[in-house]
Amino acid sequence: MKIVGYVHRFAVAPGERLACMVSCEAPAYRAEILQLRHGDVNPSGPGFRARPVASGIDGTYAGHVQGIHPGSYISVAECGPFDRLRSFTLCCWIYPTLLAAAPAALMSRRVEEGQCGFALEIGEGGCLTARMGEGLQSPAVSLRSKHSLREREWTFVACRFDAEQGKLILDQFAKHEWPGLPITGRTERHVAATKPGIPEVPFLIAASHRVPSEQPSAIQHHFNGKIDRPMVFERALADAELDALRSGAQGPERMPGVVAAWDFSVGISSAVAFDRSPNQLHGAIHNMPARAVTGHNWAAVEQDYRSAPEQYGAIHFHDDDLEDVGWTPDIHLTVPEDWPSGIYAFHLTTDGAEDYVPFIVRPPTGRATAPIGFLIPSLTYLAYANNNLIFEEGHLTSTPSAEILEDLAKLATPYEESILRYVPRHRLRSLYEHHSDGSPVCYASWLRPLVNIRPRYNKPNLEFRFPHLLSCDLYLVDWLEEKQLPFDVIDDVLLHDEGKSLLDRYKVIVTGAHPEYWTTQMMTALQAYLAEGGRLMYLGGNGFYWVTSIDAERPHLMEIRRGYTGSRTWTSEPGECHHSQTGEFGGLWRTRGLPPQAVVGIGTSAMSGLAPAGAYRRTPASYQPAVAFIFEGIEDEVLGDFGLHMGGAAGWEIDRADHRLGTPPNATVLAASFGHPDAMQRAIEELVAVDPHQGGTECPDVRADITYFETPKGGAVFSVGSITYMGSLSHNNYDNNISRLTGNVIRAFAFKRDLSAPNGS
């Protein structure tokens with residue numbers, strides 16, 4: 001992508017200011033604002049629809065390249081105690097997860113160019129290495145351990161320098177030693193150095209400096225793995241003292257000569273590394289490494305870090321962690337007061353390249369401007385942001401081969417191809433992927449390019465080209481505008497922040513195509529809204545699925561822990577299912593005791609991104625007088641055997657009713673899908689053993705159900721249970737049974753009071 005941008009927040013109200021950050025390889029680019037209507041470029045449908053709107057930001061801007069520098073680490077700005085070091089000890093527990101990425105720094109205050117300072121790192125061959133230098137006037141000193149470390153094993157490591165004796169010592173003690181595979185050992189040498197030099201850089205944990213610079217690009221040699229209990233002393237500890245620290249018999253806080261003793265079990269939800277020593281050398285944590293992870297002393301008994309915090313004193317660092325790319329704002333938009341609520345985008349163009357950076361304009365704070373509230377699943381957008389997973393040789397990979405990329409490029413538009421290549425080039429990760437060391441990605445941030453959350457973008461796949469996320473939800477925007485139905489656009493983050501009061505402003509709430517990620521605050525608000533007479537249209541599939549949290553102090557961050565079941569691309573590590581930001585147990589809402597069926601009547605039953613979508617067939621119950629208003633003007637028995645999205649209204653990921661899981665007893669199944677192939681497989685959380693008969697041709701539970709039920713105080717819920725449903729709305733110039741069905745319900749919910757009366761009047 002020769003030009004790419006992002007916004008500092010996704011939803012803004014009229015009168016508020018929005019910053020757009022842009023990186024452009026060309027000398028100049030042009031910017032304008034578009035109001036988006038339809039995002040799917042499929043020639044069988046309306047095509048891409050957007051209209052320019054006057055904004056005051058239209059014009060030409062100077063282009064400049066802004067970099068992306070992933071990798072997590074800790075920096076300690078207060079360096080006075082380190083300046084005074086002559087003799088010293090550095091020690092900690094480590095759990096390396098990618099030794100091939102060496103060199104990797106564990107603790108460092110050193111710059112290579114000046115051969116100044118000191119560092120404890122993992123060097124060539126996975127060996128513990130110490131480096132020290134007084135500056136250019138003296139030769140640099142290094143020492144390498146005799147034994148290589150092993151991945152995914154806890155090892156206590158230490159570097160001791162005795163200035164009086166001129167002795168440098170490396171120690172490593174494996175938590176578990178294996179016969180014939182030694183790790184434990186001590187390496188030492190006499191050196192001429194008398195003290196480490198004083199570089200003008202902060203002290204770092206899990207990374208080192210490239211040059212004396214304050215810029216993020218100056219950070220290098222990121223460590224992949226866990227670090228627990230890092231400590232610094234201003235003297236060379238005796239062997240017995242080191243043994244006491246390793247065994248836990250001695251705490252470092254009050255030991256003579258302690259400079260710092262960081263305890264990562266404190267402030268797990270924060271971005272601070274707390275120092276328990278009298279110096280209080282608290283560190284700043286950069287790029288959001290994984291917190292609430294098991295430490296070297298985890299006993300495999302407690303699963304909740306809050307119950308045994310002393311066993312969760314580790315942080316898991318990765319060389320591809322990324323919280324905030326920190327780009328300079330290029331465009332500042334103050335949203336005009338008269339802009340209608342909707343989905344907009346900064347349209348950025350330069351010679352031969354373009355980008356669309358979407359955002360939503362919410363209604364004015366505290367009020368609605370329409371009876372219909374369209375709830376954009378922005379947390380699902382963020383979870384999938386930069387998702388580059390592709391099927392290759394029977395498995396999912398985020399690093400497809402060059403051959404697969406070439407094949408995909410032949411099917412993609414130039415715009416899609418640029419996105420496809422941008423993600424791996426910049427090592428961007430989604431919540432569906434693994435870090436470079438194979439550990440799961442559990443945090444996502446708005447403060448970076450989210451290059452697949454775009455109109456005109458199709459999910460890469462050799463079997464199908466189909467839209468996802470924003471382009472799917474624009475199907476509904478286009479249909480609402482075509483039918484002249486007034487609506488506001490709101491989103492998940494707004495619901496999380498404002499709760500039930502946001503929903504109460506609307507006669508009906510309509511979901512997007514894939515509302516998969518829900519926080520506790522969102523679920524609580526929706527349940528309360530429905531209990532008080534609210535009306536909901538769930539027009540998607542695989543919704544209300546994963547327990548999600550938003551960081552209270554850093555609202556640009558969301559977190560998930562996928563646990564041990566559910567249709568997922570990774571599994572949580574043992575003891576690491578609780579969210580670091582909130583402490584709540586992650587995984588499926590179903591395993592938390594709140595299945596989607598208990599909220600919206602249906603829940604995930606099956607999924608496949610490789611199978612064509614099916615259609616629905618009406619049930620006998622759909623002909624009852626109580627639901628006649630839903631089918632007014634519809635004589636067809638089969639619904640949605642057409643559509644832009646995978647060819648039909650019932651596909652990709654589908655939901656069904658199940659009274660055992662909480663579908664209300666008064667719920668009516670109006671239609672059920674049929675015709676699914678065996679590539680459409682039953683959801684894994686419903687299986688207790690391997691079973692070859694769970695495909696669409698054999699298993700009756702592999703289906704999507706359209707359901708309707710009434711709730712107390714005049715409320716109601718209408719659910720369709722399919723991600724592809726909204727792709728059928730525009731078929732035949734919007735004159736089709738899915739369009740009619742949806743219109744009947746939304747008009748009844750938004751404009752008619754008594755749904756139980758004949759024809760909903």
# chains A, B, ... in the order shown; residues from 1 in each chain; ligands from 1
>>> closest_atom_pairs(of="range 280-397 of chain A", to="range 550-574 of chain A", cutoff="9 Å", atoms="only C-alpha atoms", output="Markdown table")
| residue | atom | partner | partner_atom | distance |
| --- | --- | --- | --- | --- |
| A:Val293 | CA | A:Glu573 | CA | 8.5 |
| A:Thr294 | CA | A:Pro574 | CA | 8.3 |
| A:Ala300 | CA | A:Pro574 | CA | 8.0 |
| A:Gln303 | CA | A:Pro574 | CA | 7.8 |
| A:Glu323 | CA | A:Leu557 | CA | 7.7 |
| A:Leu379 | CA | A:Met558 | CA | 7.8 |
| A:Leu382 | CA | A:Met558 | CA | 8.1 |
| A:Ala383 | CA | A:Met558 | CA | 8.2 |
| A:Leu396 | CA | A:Thr569 | CA | 8.2 |
>>> residues_around(residues="range 735-748 of chain A", least_positions_apart="4", cutoff="9 Å", atoms="only C-alpha atoms", output="VMD selection string")
chain A and resid 372 479 483 485 508 510 537 539 629 to 636 638 to 640 649 718 725 to 726 728 to 731 752 to 755 759 to 761
>>> closest_residue(among="A:Asp658, A:Ala28, A:Val4, A:Arg592", to="Ser418 in chain A", atoms="only C-alpha atoms")
A:Val4
>>> atom_distance(atom1="CA of Asp473 in chain A", atom2="CA of Phe10 in chain A")
15.1 Å
>>> residues_around(residues="range 707-715 of chain A", least_positions_apart="6", cutoff="8 Å", atoms="only C-alpha atoms", output="PyMOL selection string")
chain A and resi 530-535+601-602+657+664+666-671+753-755
>>> closest_residue(among="A:Arg51, A:Arg84, A:Arg189, A:His332", to="Gly166 in chain A", atoms="only C-alpha atoms")
A:Arg189
>>> select_by_dssp(residues="range 181-327 of chain A", states="alpha helix (DSSP H)", output="number ranges by chain")
A: 239-247
>>> residues_around(residues="Thr60 in chain A", least_positions_apart="3", cutoff="10 Å", atoms="only C-alpha atoms", output="PyMOL selection string")
chain A and resi 28-32+57+63+348-350
>>> write_last_selection(atoms="all heavy atoms", output="short mmCIF file (atom, residue, chain, number, x, y, z; two decimals), in the first residue's frame")
data_model
loop_
_atom_site.label_atom_id
_atom_site.label_comp_id
_atom_site.auth_asym_id
_atom_site.auth_seq_id
_atom_site.Cartn_x
_atom_site.Cartn_y
_atom_site.Cartn_z
N ALA A 28 2.97 13.73 -2.57
CA ALA A 28 1.72 14.40 -2.20
C ALA A 28 0.56 13.43 -2.39
O ALA A 28 0.65 12.44 -3.13
CB ALA A 28 1.51 15.65 -3.05
N TYR A 29 -0.54 13.72 -1.71
CA TYR A 29 -1.76 12.94 -1.87
C TYR A 29 -2.96 13.87 -1.70
O TYR A 29 -2.84 14.98 -1.20
CB TYR A 29 -1.82 11.79 -0.86
CG TYR A 29 -1.91 12.20 0.59
CD1 TYR A 29 -3.14 12.37 1.22
CD2 TYR A 29 -0.76 12.42 1.34
CE1 TYR A 29 -3.22 12.75 2.55
CE2 TYR A 29 -0.82 12.81 2.67
CZ TYR A 29 -2.06 12.96 3.27
OH TYR A 29 -2.14 13.34 4.59
N ARG A 30 -4.10 13.38 -2.13
CA ARG A 30 -5.34 14.13 -2.02
C ARG A 30 -6.26 13.45 -1.03
O ARG A 30 -6.27 12.23 -0.90
CB ARG A 30 -6.02 14.25 -3.40
CG ARG A 30 -5.19 15.03 -4.41
CD ARG A 30 -5.74 14.91 -5.82
NE ARG A 30 -5.67 13.54 -6.33
CZ ARG A 30 -4.57 12.98 -6.81
NH1 ARG A 30 -3.43 13.67 -6.85
NH2 ARG A 30 -4.59 11.75 -7.27
N ALA A 31 -7.07 14.25 -0.35
CA ALA A 31 -8.00 13.72 0.65
C ALA A 31 -9.38 14.34 0.46
O ALA A 31 -9.50 15.52 0.12
CB ALA A 31 -7.49 13.99 2.06
N GLU A 32 -10.39 13.52 0.69
CA GLU A 32 -11.78 13.98 0.71
C GLU A 32 -12.54 13.06 1.65
O GLU A 32 -12.04 12.00 2.05
CB GLU A 32 -12.39 13.94 -0.69
CG GLU A 32 -12.49 12.53 -1.27
CD GLU A 32 -13.18 12.47 -2.62
OE1 GLU A 32 -13.90 13.43 -2.97
OE2 GLU A 32 -13.01 11.45 -3.33
N ILE A 57 -11.82 19.62 4.63
CA ILE A 57 -10.48 19.00 4.62
C ILE A 57 -10.05 18.62 3.22
O ILE A 57 -8.93 18.16 3.01
CB ILE A 57 -10.41 17.77 5.55
CG1 ILE A 57 -11.32 16.65 5.07
CG2 ILE A 57 -10.75 18.14 6.98
CD1 ILE A 57 -10.66 15.59 4.26
N GLY A 63 3.05 14.26 1.29
CA GLY A 63 3.22 12.87 1.68
C GLY A 63 4.50 12.64 2.45
O GLY A 63 5.52 13.29 2.21
N LEU A 348 -8.26 8.64 0.51
CA LEU A 348 -6.91 9.13 0.28
C LEU A 348 -6.43 8.59 -1.06
O LEU A 348 -6.47 7.38 -1.30
CB LEU A 348 -5.98 8.65 1.39
CG LEU A 348 -6.47 8.86 2.82
CD1 LEU A 348 -5.52 8.17 3.81
CD2 LEU A 348 -6.60 10.34 3.14
N THR A 349 -5.98 9.47 -1.94
CA THR A 349 -5.55 9.03 -3.26
C THR A 349 -4.22 9.67 -3.63
O THR A 349 -3.93 10.82 -3.27
CB THR A 349 -6.58 9.41 -4.33
OG1 THR A 349 -6.80 10.83 -4.32
CG2 THR A 349 -7.90 8.71 -4.10
N THR A 350 -3.42 8.91 -4.31
CA THR A 350 -2.19 9.40 -4.92
C THR A 350 -2.01 8.65 -6.22
O THR A 350 -2.81 7.77 -6.55
CB THR A 350 -0.99 9.22 -3.97
OG1 THR A 350 0.14 9.90 -4.51
CG2 THR A 350 -0.66 7.76 -3.75
#
>>> atom_distance(atom1="CA of Asp40 in chain A", atom2="CA of Leu431 in chain A")
24.3 Å
>>> closest_residue(among="A:Ala261, A:Leu495, A:Ala345, A:Cys577", to="Arg306 in chain A", atoms="only C-alpha atoms")
A:Cys577
>>> atom_distance(atom1="CA of Thr194 in chain A", atom2="CA of Ala236 in chain A")
13.2 Å
>>> closest_atom_pairs(of="range 202-273 of chain A", to="range 287-291 of chain A", cutoff="9 Å", atoms="only C-alpha atoms", output="Markdown table")
| residue | atom | partner | partner_atom | distance |
| --- | --- | --- | --- | --- |
| A:Lys226 | CA | A:Ala290 | CA | 9.0 |
| A:Phe264 | CA | A:Arg291 | CA | 8.3 |
| A:Ser265 | CA | A:Arg291 | CA | 8.7 |
| A:Ile268 | CA | A:Arg291 | CA | 6.1 |
| A:Ser269 | CA | A:Arg291 | CA | 7.6 |
| A:Ala271 | CA | A:Met288 | CA | 7.6 |
>>> write_last_selection(atoms="all heavy atoms", output="PDB file, in the first residue's frame")
ATOM      1  N   LYS A 226       8.800 -15.214  28.262  1.00  0.00           N
ATOM      2  CA  LYS A 226       8.410 -14.652  29.555  1.00  0.00           C
ATOM      3  C   LYS A 226       9.645 -14.264  30.363  1.00  0.00           C
ATOM      4  O   LYS A 226      10.670 -14.956  30.315  1.00  0.00           O
ATOM      5  CB  LYS A 226       7.591 -15.665  30.352  1.00  0.00           C
ATOM      6  CG  LYS A 226       6.267 -16.067  29.720  1.00  0.00           C
ATOM      7  CD  LYS A 226       5.549 -17.087  30.599  1.00  0.00           C
ATOM      8  CE  LYS A 226       4.254 -17.567  29.972  1.00  0.00           C
ATOM      9  NZ  LYS A 226       3.550 -18.556  30.834  1.00  0.00           N
ATOM     10  N   PHE A 264       6.139  -8.128  38.475  1.00  0.00           N
ATOM     11  CA  PHE A 264       5.117  -8.017  37.438  1.00  0.00           C
ATOM     12  C   PHE A 264       3.761  -8.545  37.884  1.00  0.00           C
ATOM     13  O   PHE A 264       2.783  -8.425  37.137  1.00  0.00           O
ATOM     14  CB  PHE A 264       5.569  -8.766  36.182  1.00  0.00           C
ATOM     15  CG  PHE A 264       6.833  -8.239  35.552  1.00  0.00           C
ATOM     16  CD1 PHE A 264       7.617  -9.062  34.754  1.00  0.00           C
ATOM     17  CD2 PHE A 264       7.243  -6.935  35.757  1.00  0.00           C
ATOM     18  CE1 PHE A 264       8.783  -8.589  34.156  1.00  0.00           C
ATOM     19  CE2 PHE A 264       8.410  -6.444  35.173  1.00  0.00           C
ATOM     20  CZ  PHE A 264       9.183  -7.279  34.373  1.00  0.00           C
ATOM     21  N   SER A 265       3.682  -9.123  39.067  1.00  0.00           N
ATOM     22  CA  SER A 265       2.370  -9.557  39.568  1.00  0.00           C
ATOM     23  C   SER A 265       1.576  -8.394  40.139  1.00  0.00           C
ATOM     24  O   SER A 265       0.391  -8.532  40.437  1.00  0.00           O
ATOM     25  CB  SER A 265       2.542 -10.633  40.648  1.00  0.00           C
ATOM     26  OG  SER A 265       3.084 -10.080  41.845  1.00  0.00           O
ATOM     27  N   ILE A 268      -1.289  -5.709  37.245  1.00  0.00           N
ATOM     28  CA  ILE A 268      -1.362  -6.488  36.014  1.00  0.00           C
ATOM     29  C   ILE A 268      -2.203  -5.788  34.948  1.00  0.00           C
ATOM     30  O   ILE A 268      -1.935  -5.922  33.752  1.00  0.00           O
ATOM     31  CB  ILE A 268      -1.891  -7.908  36.318  1.00  0.00           C
ATOM     32  CG1 ILE A 268      -0.743  -8.765  36.899  1.00  0.00           C
ATOM     33  CG2 ILE A 268      -2.505  -8.575  35.100  1.00  0.00           C
ATOM     34  CD1 ILE A 268      -1.132 -10.155  37.315  1.00  0.00           C
ATOM     35  N   SER A 269      -3.203  -5.024  35.335  1.00  0.00           N
ATOM     36  CA  SER A 269      -4.055  -4.344  34.354  1.00  0.00           C
ATOM     37  C   SER A 269      -3.447  -3.042  33.853  1.00  0.00           C
ATOM     38  O   SER A 269      -4.046  -2.366  33.012  1.00  0.00           O
ATOM     39  CB  SER A 269      -5.427  -4.062  34.966  1.00  0.00           C
ATOM     40  OG  SER A 269      -5.315  -3.153  36.053  1.00  0.00           O
ATOM     41  N   ALA A 271      -0.028  -0.338  32.619  1.00  0.00           N
ATOM     42  CA  ALA A 271       1.131  -0.286  31.723  1.00  0.00           C
ATOM     43  C   ALA A 271       2.380   0.089  32.501  1.00  0.00           C
ATOM     44  O   ALA A 271       3.310   0.687  31.957  1.00  0.00           O
ATOM     45  CB  ALA A 271       0.885   0.709  30.606  1.00  0.00           C
TER      46      ALA A 271
END
>>> decode(residues="range 663-675 of chain A", atoms="all heavy atoms", output="compact mmCIF listing (two decimals), in the first residue's frame")
# COMPACT_ATOMS: atom_id res chain seq x y z
N THR A 663 -33.18 -21.02 24.41
CA THR A 663 -34.17 -20.43 23.52
C THR A 663 -35.49 -20.33 24.26
O THR A 663 -35.98 -21.33 24.81
CB THR A 663 -34.34 -21.29 22.25
OG1 THR A 663 -33.09 -21.35 21.57
CG2 THR A 663 -35.39 -20.69 21.33
N PRO A 664 -36.10 -19.15 24.33
CA PRO A 664 -37.33 -18.98 25.12
C PRO A 664 -38.44 -19.92 24.66
O PRO A 664 -38.55 -20.24 23.46
CB PRO A 664 -37.71 -17.52 24.86
CG PRO A 664 -36.43 -16.85 24.52
CD PRO A 664 -35.64 -17.88 23.75
N PRO A 665 -39.26 -20.37 25.59
CA PRO A 665 -40.32 -21.33 25.23
C PRO A 665 -41.36 -20.75 24.27
O PRO A 665 -42.06 -21.51 23.60
CB PRO A 665 -40.95 -21.69 26.59
CG PRO A 665 -40.56 -20.58 27.51
CD PRO A 665 -39.23 -20.10 27.03
N ASN A 666 -41.47 -19.42 24.21
CA ASN A 666 -42.44 -18.81 23.30
C ASN A 666 -41.84 -18.46 21.95
O ASN A 666 -42.49 -17.82 21.13
CB ASN A 666 -43.05 -17.55 23.93
CG ASN A 666 -42.02 -16.45 24.13
OD1 ASN A 666 -40.85 -16.71 24.32
ND2 ASN A 666 -42.47 -15.20 24.08
N ALA A 667 -40.59 -18.88 21.72
CA ALA A 667 -39.94 -18.56 20.44
C ALA A 667 -40.52 -19.43 19.32
O ALA A 667 -40.75 -20.62 19.49
CB ALA A 667 -38.44 -18.78 20.54
N THR A 668 -40.75 -18.81 18.19
CA THR A 668 -41.24 -19.50 17.01
C THR A 668 -40.14 -19.57 15.97
O THR A 668 -39.56 -18.54 15.60
CB THR A 668 -42.45 -18.77 16.41
OG1 THR A 668 -43.50 -18.68 17.38
CG2 THR A 668 -42.97 -19.48 15.17
N VAL A 669 -39.85 -20.79 15.51
CA VAL A 669 -38.92 -20.95 14.40
C VAL A 669 -39.72 -20.75 13.12
O VAL A 669 -40.57 -21.57 12.76
CB VAL A 669 -38.23 -22.32 14.42
CG1 VAL A 669 -37.35 -22.49 13.18
CG2 VAL A 669 -37.40 -22.48 15.67
N LEU A 670 -39.45 -19.67 12.42
CA LEU A 670 -40.22 -19.29 11.23
C LEU A 670 -39.70 -19.97 9.97
O LEU A 670 -40.47 -20.23 9.03
CB LEU A 670 -40.17 -17.77 11.04
CG LEU A 670 -40.61 -16.92 12.23
CD1 LEU A 670 -40.31 -15.46 11.97
CD2 LEU A 670 -42.10 -17.12 12.49
N ALA A 671 -38.40 -20.22 9.93
CA ALA A 671 -37.79 -20.84 8.76
C ALA A 671 -36.47 -21.48 9.18
O ALA A 671 -35.83 -21.02 10.13
CB ALA A 671 -37.55 -19.82 7.65
N ALA A 672 -36.08 -22.51 8.46
CA ALA A 672 -34.82 -23.20 8.74
C ALA A 672 -34.08 -23.40 7.43
O ALA A 672 -34.69 -23.67 6.38
CB ALA A 672 -35.07 -24.53 9.42
N SER A 673 -32.77 -23.28 7.49
CA SER A 673 -31.99 -23.40 6.27
C SER A 673 -31.83 -24.86 5.86
O SER A 673 -31.99 -25.79 6.66
CB SER A 673 -30.62 -22.76 6.45
OG SER A 673 -29.84 -23.48 7.38
N PHE A 674 -31.50 -25.06 4.60
CA PHE A 674 -31.32 -26.41 4.07
C PHE A 674 -30.29 -26.36 2.94
O PHE A 674 -29.89 -25.29 2.48
CB PHE A 674 -32.66 -26.96 3.56
CG PHE A 674 -33.20 -26.21 2.36
CD1 PHE A 674 -32.98 -26.65 1.06
CD2 PHE A 674 -33.93 -25.04 2.53
CE1 PHE A 674 -33.47 -25.96 -0.03
CE2 PHE A 674 -34.43 -24.34 1.44
CZ PHE A 674 -34.19 -24.79 0.16
N GLY A 675 -29.88 -27.55 2.51
CA GLY A 675 -28.98 -27.64 1.37
C GLY A 675 -27.52 -27.42 1.69
O GLY A 675 -26.73 -27.18 0.77
